[in-house]
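The file input_33.pdb contains PDB, C-alpha atoms:
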```pdb
ATOM      1  CA  MET A 228     101.452 116.278 112.335
ATOM      2  CA  ALA A 229     102.428 119.974 112.181
ATOM      3  CA  GLN A 230      99.673 122.488 111.441
ATOM      4  CA  THR A 231     101.276 123.430 108.118
ATOM      5  CA  ASP A 232     101.339 119.767 107.111
ATOM      6  CA  ILE A 233      97.687 119.128 108.004
ATOM      7  CA  THR A 234      96.682 122.335 106.232
ATOM      8  CA  GLU A 235      98.437 121.164 103.069
ATOM      9  CA  LEU A 236      96.910 117.711 103.403
ATOM     10  CA  LEU A 237      93.366 119.068 103.757
ATOM     11  CA  ALA A 238      93.967 121.429 100.830
ATOM     12  CA  SER A 239      94.892 118.439  98.626
ATOM     13  CA  TYR A 240      91.219 117.399  98.643
ATOM     14  CA  PRO A 241      89.027 116.808  96.771
ATOM     15  CA  ARG A 242      91.203 114.379  94.857
ATOM     16  CA  ALA A 243      90.408 112.857  91.480
ATOM     17  CA  HIS A 244      90.302 109.206  90.467
ATOM     18  CA  PRO A 245      92.795 108.716  87.625
ATOM     19  CA  PRO A 246      90.948 107.483  84.512
ATOM     20  CA  LEU A 247      90.900 103.800  83.680
ATOM     21  CA  SER A 248      91.970 102.391  80.333
ATOM     22  CA  PRO A 249      89.181 101.023  78.076
ATOM     23  CA  GLU A 250      90.391  97.497  78.881
ATOM     24  CA  TRP A 251      89.869  97.989  82.607
ATOM     25  CA  GLN A 252      86.583  99.808  82.101
ATOM     26  CA  LYS A 253      85.144  96.739  80.365
ATOM     27  CA  ILE A 254      85.756  94.458  83.345
ATOM     28  CA  TYR A 255      85.636  96.972  86.200
ATOM     29  CA  VAL A 256      82.221  96.097  87.659
ATOM     30  CA  GLU A 257      82.802  92.352  87.208
ATOM     31  CA  THR A 258      86.181  92.540  88.942
ATOM     32  CA  TYR A 259      84.923  94.740  91.774
ATOM     33  CA  LYS A 260      81.908  92.570  92.545
ATOM     34  CA  SER A 261      84.010  89.405  92.325
ATOM     35  CA  SER A 262      86.467  90.773  94.875
ATOM     36  CA  ARG A 263      83.638  91.625  97.294
ATOM     37  CA  ASP A 264      81.724  88.366  96.805
ATOM     38  CA  GLY A 265      84.725  86.106  97.361
ATOM     39  CA  LYS A 266      83.883  83.663  94.577
ATOM     40  CA  THR A 267      87.459  82.573  93.876
ATOM     41  CA  LEU A 268      89.973  80.896  96.166
ATOM     42  CA  LEU A 269      92.207  83.971  96.125
ATOM     43  CA  TYR A 270      89.396  86.352  96.988
ATOM     44  CA  LYS A 271      88.165  83.986  99.705
ATOM     45  CA  LEU A 272      91.632  84.120 101.251
ATOM     46  CA  THR A 273      91.567  87.919 100.977
ATOM     47  CA  GLN A 274      88.209  88.028 102.730
ATOM     48  CA  LYS A 275      89.580  85.782 105.461
ATOM     49  CA  LEU A 276      92.323  88.314 106.119
ATOM     50  CA  GLU A 277      89.895  91.222 105.833
ATOM     51  CA  SER A 278      87.740  89.661 108.548
ATOM     52  CA  TRP A 279      90.199  91.212 111.015
ATOM     53  CA  MET A 280      88.839  94.626 110.007
ATOM     54  CA  HIS A 281      85.243  93.483 110.387
ATOM     55  CA  HIS A 282      85.856  92.029 113.843
ATOM     56  CA  SER A 283      87.814  95.107 114.925
ATOM     57  CA  VAL A 284      85.085  97.515 113.829
ATOM     58  CA  ALA A 285      82.041  95.472 114.903
ATOM     59  CA  SER A 286      80.072  96.448 117.976
ATOM     60  CA  LYS A 287      80.572  94.256 121.011
ATOM     61  CA  SER A 288      77.614  95.809 122.845
ATOM     62  CA  HIS A 289      74.143  97.094 121.995
ATOM     63  CA  ILE A 290      74.180  99.949 119.442
ATOM     64  CA  PRO A 291      70.714 101.460 118.811
ATOM     65  CA  ARG A 292      71.567 103.322 115.584
ATOM     66  CA  LEU A 293      74.450 102.596 113.230
ATOM     67  CA  LEU A 294      75.480 104.078 109.879
ATOM     68  CA  GLU A 295      77.961 102.450 107.511
ATOM     69  CA  ILE A 296      79.785 104.593 104.956
ATOM     70  CA  GLY A 297      80.618 102.677 101.776
ATOM     71  CA  ALA A 298      78.723  99.500 102.587
ATOM     72  CA  GLY A 299      79.558  97.777  99.287
ATOM     73  CA  THR A 300      78.045  94.297  99.090
ATOM     74  CA  LEU A 301      76.835  94.525 102.718
ATOM     75  CA  ASN A 302      79.433  91.985 103.830
ATOM     76  CA  HIS A 303      79.820  93.695 107.214
ATOM     77  CA  VAL A 304      76.128  93.377 108.146
ATOM     78  CA  PRO A 305      76.432  89.857 109.680
ATOM     79  CA  TYR A 306      79.063  91.175 112.117
ATOM     80  CA  GLU A 307      76.635  93.676 113.653
ATOM     81  CA  THR A 308      74.314  91.497 115.696
ATOM     82  CA  GLN A 309      73.340  94.056 118.346
ATOM     83  CA  THR A 310      72.076  96.959 116.257
ATOM     84  CA  ASP A 311      68.455  98.123 116.136
ATOM     85  CA  GLN A 312      68.751 100.373 113.084
ATOM     86  CA  TYR A 313      71.375  99.832 110.383
ATOM     87  CA  ASP A 314      71.580 102.563 107.727
ATOM     88  CA  ILE A 315      74.068 102.715 104.871
ATOM     89  CA  ALA A 316      75.518 105.354 102.547
ATOM     90  CA  GLU A 317      76.671 103.648  99.328
ATOM     91  CA  PRO A 318      76.607 105.233  95.841
ATOM     92  CA  PHE A 319      77.298 101.967  93.970
ATOM     93  CA  SER A 320      73.843 100.402  94.351
ATOM     94  CA  GLU A 321      74.707  97.584  91.923
ATOM     95  CA  LEU A 322      76.861  96.098  94.659
ATOM     96  CA  PHE A 323      74.049  95.478  97.146
ATOM     97  CA  ALA A 324      70.801  95.493  95.136
ATOM     98  CA  ASP A 325      70.450  91.700  95.062
ATOM     99  CA  LYS A 326      72.080  90.843  98.393
ATOM    100  CA  PRO A 327      70.134  88.924 101.064
ATOM    101  CA  ASN A 328      71.540  91.204 103.771
ATOM    102  CA  LEU A 329      69.602  94.104 102.253
ATOM    103  CA  LYS A 330      66.615  93.025 104.337
ATOM    104  CA  SER A 331      68.558  94.064 107.445
ATOM    105  CA  ILE A 332      69.054  97.621 106.181
ATOM    106  CA  HIS A 333      66.686 100.283 107.486
ATOM    107  CA  THR A 334      67.549 103.051 104.976
ATOM    108  CA  ALA A 335      70.003 103.061 102.067
ATOM    109  CA  TYR A 336      71.339 106.472 101.050
ATOM    110  CA  GLY A 337      73.312 107.135  97.881
ATOM    111  CA  ASP A 338      75.781 109.399  99.653
ATOM    112  CA  LEU A 339      76.614 110.504 103.189
ATOM    113  CA  PHE A 340      75.458 114.009 102.224
ATOM    114  CA  ASP A 341      72.003 112.584 101.438
ATOM    115  CA  VAL A 342      71.643 111.560 105.085
ATOM    116  CA  PRO A 343      69.782 114.321 106.984
ATOM    117  CA  LEU A 344      72.262 116.119 109.210
ATOM    118  CA  GLU A 345      69.775 115.951 112.078
ATOM    119  CA  ASN A 346      70.070 112.162 112.017
ATOM    120  CA  ARG A 347      72.126 110.990 114.968
ATOM    121  CA  TYR A 348      73.974 107.705 115.250
ATOM    122  CA  ASP A 349      75.624 105.893 118.124
ATOM    123  CA  ARG A 350      78.303 104.576 115.804
ATOM    124  CA  ILE A 351      79.417 105.474 112.282
ATOM    125  CA  ILE A 352      81.598 102.870 110.605
ATOM    126  CA  SER A 353      83.444 102.162 107.382
ATOM    127  CA  ILE A 354      85.223  99.072 106.075
ATOM    128  CA  ALA A 355      87.795  99.416 103.279
ATOM    129  CA  ALA A 356      86.050 102.506 101.906
ATOM    130  CA  LEU A 357      87.775 105.675 103.163
ATOM    131  CA  GLU A 358      90.729 105.189 100.834
ATOM    132  CA  HIS A 359      88.332 105.498  97.880
ATOM    133  CA  ILE A 360      86.653 108.760  98.929
ATOM    134  CA  THR A 361      87.748 111.848  97.023
ATOM    135  CA  ASN A 362      86.261 114.351  99.500
ATOM    136  CA  LEU A 363      87.555 112.571 102.598
ATOM    137  CA  PRO A 364      87.863 115.564 105.001
ATOM    138  CA  ASN A 365      84.254 116.571 104.302
ATOM    139  CA  VAL A 366      83.004 113.041 104.943
ATOM    140  CA  VAL A 367      84.981 112.604 108.178
ATOM    141  CA  ALA A 368      83.875 116.039 109.378
ATOM    142  CA  ARG A 369      80.210 115.353 108.659
ATOM    143  CA  SER A 370      80.423 112.058 110.530
ATOM    144  CA  GLY A 371      81.523 113.977 113.618
ATOM    145  CA  LEU A 372      78.369 116.098 113.553
ATOM    146  CA  MET A 373      76.115 113.066 113.139
ATOM    147  CA  LEU A 374      77.278 111.177 116.225
ATOM    148  CA  ASN A 375      75.275 111.080 119.419
ATOM    149  CA  GLU A 376      77.111 112.220 122.534
ATOM    150  CA  GLY A 377      79.528 109.459 123.457
ATOM    151  CA  GLY A 378      79.300 108.007 119.950
ATOM    152  CA  GLU A 379      82.239 106.594 118.048
ATOM    153  CA  PHE A 380      83.614 106.616 114.519
ATOM    154  CA  ARG A 381      85.297 103.348 113.531
ATOM    155  CA  ALA A 382      87.002 102.475 110.277
ATOM    156  CA  GLY A 383      88.963  99.570 108.881
ATOM    157  CA  ILE A 384      91.408 100.534 106.124
ATOM    158  CA  PRO A 385      94.149  98.810 104.113
ATOM    159  CA  SER A 386      97.693  99.874 104.950
ATOM    160  CA  GLU A 387      97.944 101.674 101.633
ATOM    161  CA  GLY A 388     101.417 103.116 101.127
ATOM    162  CA  GLY A 389     103.063 100.446 103.286
ATOM    163  CA  PHE A 390     105.590  97.847 102.122
ATOM    164  CA  LEU A 391     103.696  94.704 103.168
ATOM    165  CA  TRP A 392     100.399  95.908 101.710
ATOM    166  CA  GLY A 393     102.023  96.715  98.372
ATOM    167  CA  LEU A 394     103.826  93.393  98.274
ATOM    168  CA  SER A 395     100.662  91.446  99.140
ATOM    169  CA  TRP A 396      98.448  92.777  96.352
ATOM    170  CA  ARG A 397     101.208  92.603  93.741
ATOM    171  CA  ALA A 398     101.850  88.941  94.585
ATOM    172  CA  SER A 399      98.134  88.030  94.627
ATOM    173  CA  VAL A 400      95.485  89.978  92.708
ATOM    174  CA  GLY A 401      98.197  91.790  90.767
ATOM    175  CA  LEU A 402      99.655  88.526  89.477
ATOM    176  CA  MET A 403      96.186  87.119  88.778
ATOM    177  CA  ALA A 404      95.178  90.182  86.715
ATOM    178  CA  ARG A 405      98.368  89.897  84.692
ATOM    179  CA  LEU A 406      97.816  86.193  83.988
ATOM    180  CA  LYS A 407      94.050  86.339  83.407
ATOM    181  CA  TYR A 408      93.639  89.653  81.621
ATOM    182  CA  GLY A 409      97.146  90.750  80.701
ATOM    183  CA  LEU A 410      96.517  93.968  82.605
ATOM    184  CA  ASP A 411      98.413  95.940  85.226
ATOM    185  CA  TYR A 412      96.452  95.784  88.498
ATOM    186  CA  GLY A 413      98.424  98.794  89.690
ATOM    187  CA  GLU A 414      96.336 100.915  87.321
ATOM    188  CA  LEU A 415      93.181  99.819  89.123
ATOM    189  CA  MET A 416      94.730 100.407  92.538
ATOM    190  CA  ARG A 417      95.804 103.926  91.589
ATOM    191  CA  HIS A 418      92.296 104.596  90.308
ATOM    192  CA  GLU A 419      90.607 103.258  93.428
ATOM    193  CA  HIS A 420      92.868 104.324  96.303
ATOM    194  CA  VAL A 421      93.199 108.100  96.307
ATOM    195  CA  SER A 422      94.413 108.266  99.945
ATOM    196  CA  THR A 423      97.129 106.390 101.818
ATOM    197  CA  ALA A 424      96.629 105.030 105.322
ATOM    198  CA  PRO A 425      98.740 107.858 106.873
ATOM    199  CA  ASP A 426      96.596 110.416 104.998
ATOM    200  CA  ILE A 427      93.382 108.910 106.350
ATOM    201  CA  ILE A 428      94.652 108.665 109.914
ATOM    202  CA  ALA A 429      95.872 112.288 109.860
ATOM    203  CA  VAL A 430      92.488 113.495 108.584
ATOM    204  CA  VAL A 431      90.577 111.592 111.280
ATOM    205  CA  ARG A 432      92.925 112.863 113.997
ATOM    206  CA  HIS A 433      92.319 116.435 112.823
ATOM    207  CA  PHE A 434      88.575 116.170 113.393
ATOM    208  CA  TYR A 435      88.492 113.882 116.451
ATOM    209  CA  ARG A 436      90.213 114.597 119.763
ATOM    210  CA  ASN A 437      90.496 110.926 120.747
ATOM    211  CA  CYS A 438      91.895 108.536 118.165
ATOM    212  CA  THR A 439      93.527 105.131 118.575
ATOM    213  CA  ILE A 440      95.059 102.957 115.854
ATOM    214  CA  THR A 441      95.577  99.193 115.826
ATOM    215  CA  ARG A 442      97.188  97.268 112.982
ATOM    216  CA  PHE A 443      97.356  93.702 111.655
ATOM    217  CA  PRO A 444      99.436  91.557 111.676
ATOM    218  CA  THR A 445     102.092  93.842 113.239
ATOM    219  CA  PRO A 446     101.787  97.299 114.860
ATOM    220  CA  LEU A 447     104.078  98.840 112.232
ATOM    221  CA  HIS A 448     102.503 100.600 109.240
ATOM    222  CA  SER A 449     105.127  99.279 106.812
ATOM    223  CA  LEU A 450     104.660  95.692 108.040
ATOM    224  CA  SER A 451     100.879  95.645 108.316
ATOM    225  CA  LEU A 452      98.050  94.770 105.964
ATOM    226  CA  TYR A 453      95.209  96.603 107.666
ATOM    227  CA  ALA A 454      94.550  99.212 110.323
ATOM    228  CA  CYS A 455      91.563  99.945 112.519
ATOM    229  CA  ILE A 456      90.771 103.537 113.535
ATOM    230  CA  ARG A 457      88.638 104.238 116.596
ATOM    231  CA  ALA A 458      87.785 107.895 117.104
ATOM    232  CA  SER A 459      85.548 109.790 119.521
ATOM    233  CA  ASP A 460      84.950 113.286 120.905
ATOM    234  CA  PRO A 461      84.771 115.167 117.589
ATOM    235  CA  ASP A 462      85.971 118.779 117.445
ATOM    236  CA  LEU A 463      82.619 120.254 116.439
ATOM    237  CA  GLU A 464      84.049 123.612 115.408
ATOM    238  CA  ARG A 465      86.452 121.962 112.974
ATOM    239  CA  CYS A 466      83.755 119.593 111.764
ATOM    240  CA  GLU A 467      81.349 122.440 111.038
ATOM    241  CA  GLN A 468      83.936 124.122 108.814
ATOM    242  CA  PHE A 469      83.947 121.123 106.458
ATOM    243  CA  ALA A 470      80.717 119.199 107.074
ATOM    244  CA  ASN A 471      78.445 121.137 104.739
ATOM    245  CA  GLN A 472      80.898 121.056 101.841
ATOM    246  CA  ALA A 473      79.974 117.953  99.879
ATOM    247  CA  GLY A 474      83.043 118.381  97.702
ATOM    248  CA  ASP A 475      83.500 116.211  94.629
ATOM    249  CA  ALA A 476      82.347 112.762  95.744
TER
END
```

Starting from the file, lay out its structure as structure tokens.
Amino acid sequence: MAQTDITELLASYPRAHPPLSPEWQKIYVETYKSSRDGKTLLYKLTQKLESWMHHSVASKSHIPRLLEIGAGTLNHVPYETQTDQYDIAEPFSELFADKPNLKSIHTAYGDLFDVPLENRYDRIISIAALEHITNLPNVVARSGLMLNEGGEFRAGIPSEGGFLWGLSWRASVGLMARLKYGLDYGELMRHEHVSTAPDIIAVVRHFYRNCTITRFPTPLHSLSLYACIRASDPDLERCEQFANQAGDA
């Protein structure tokens, strides 16, 4: 990406979540928790597909200290079997307050900017969360300063902005919302996803010197459902320019 393009992209943050209609506001928490808990056949199928992100991000070797950004209902915790200390940064505490996996969490922070900057982690991860973050460059930059030497930032994201991703949610949860509630699921998606997959990847590449991308089920953005980002060797000078700016989370 050209320097002018990345400058414009970074300047587009912080972004705002478009407001939800009163009808969506009434069922927002119920719908969000249901999608994370996988209590319906459709959501169970979605979670089956999303497991690719969990497996792609999960540590295959011993990781002493790990931090998850946007831990949600803690559904990634069972995938991390070789971690000594598992911290999370999740503002929506209603999602994990009653979850059995909470016992595996060392410290739960309400925001990444609540985590002391002197904390150092061997891996910082995120699963289906970066697309929701309004101050994305600040969060990615801060993660770079919180990694131990040789540490890695890993994230699983939906292929937001791609053809197959758009088709998949319209034909599944989109259709269900229309039939069950008479509501347009696109409104919820626009509210939730403030960044596309190309936006997220460009931001990570700006702050990390080494960055590799894998996609599922095909290597093409337009024909994929999810992508996994693996980044290392953060550009500390660039990170420091953004890391202390909490932005509008």

| Among listed residues A:Trp396, A:Phe340, A:Phe469, A:Tyr453, nearest Gly383 of chain A (using all atoms listed in the file) |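 Closest to Gly383 of chain A of all the choices is A:Tyr453.
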
| request: Could you jot down the atom CA of Ser395 of chain A to atom CA of Phe319 of chain A separation for me, Å, one decimal place? | output: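 For atom CA of Ser395 of chain A relative to atom CA of Phe319 of chain A, the distance reads 26.1 Å.
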
| message | Between atom CA of Thr273 of chain A and atom CA of Gly299 of chain A, what distance in Å does the model show, to one decimal? | response |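 Separating atom CA of Thr273 of chain A from atom CA of Gly299 of chain A is a distance of 15.6 Å.
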
| Between A:Glu376, A:Glu257, A:Asp325, A:Glu250, which one has atoms that come closest to Asp460 of chain A, using all atoms listed in the file? | A:Glu376

| task | Please indicate the distance in Å from atom CA of Asp314 of chain A to atom CA of Ala335 of chain A, rounded to one decimal place. | result |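 A separation of 5.9 Å between them.
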
| field | Residues selected by the PyMOL selection byres ((chain A and resi 428) around 10), written as a list in words | value |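 Those residues are Ala382, Ile384, Ser422, Thr423, Ala424, Pro425, Asp426, Ile427, Ala429, Val430, Val431, Arg432, His433, Cys438, Thr439, Ile440, Ala454, Cys455, Ile456 and Ala458 of chain A.
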
| With distances taken over only C-alpha atoms, which of A:Pro318, A:Pro444, A:Pro461, A:Pro305 is nearest to His359 of chain A? |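 When distances to His359 of chain A are compared using only C-alpha atoms, the smallest one comes from A:Pro318.
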
| field | Picked residues, the PyMOL selection byres ((chain A and resi 288) around 9), expected as a PyMOL selection string | value | chain A and resi 286-287+289-290+308-310

| request: Enumerate, as a PyMOL selection string, the residues matched when the PyMOL selection byres ((chain A and resi 281) around 9) is run on the file above. | output: chain A and resi 277-280+282-285+302-303+306+354+383

| request: Using only C-alpha atoms, pick whichever of A:Leu339, A:Ala298, A:Ala324, A:Ile332 has the shortest atom-to-atom distance to Ala356 of chain A. | output: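 Going through A:Leu339, A:Ala298, A:Ala324, A:Ile332 one by one, the smallest distance to Ala356 of chain A is for A:Ala298.
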
| task | Name the closest residue to Glu317 of chain A among the candidates A:Pro343, A:Pro249, A:Gly401, A:Gly337; distances are taken between atoms, counting only C-alpha atoms. | result |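 Nearest to Glu317 of chain A: A:Gly337.
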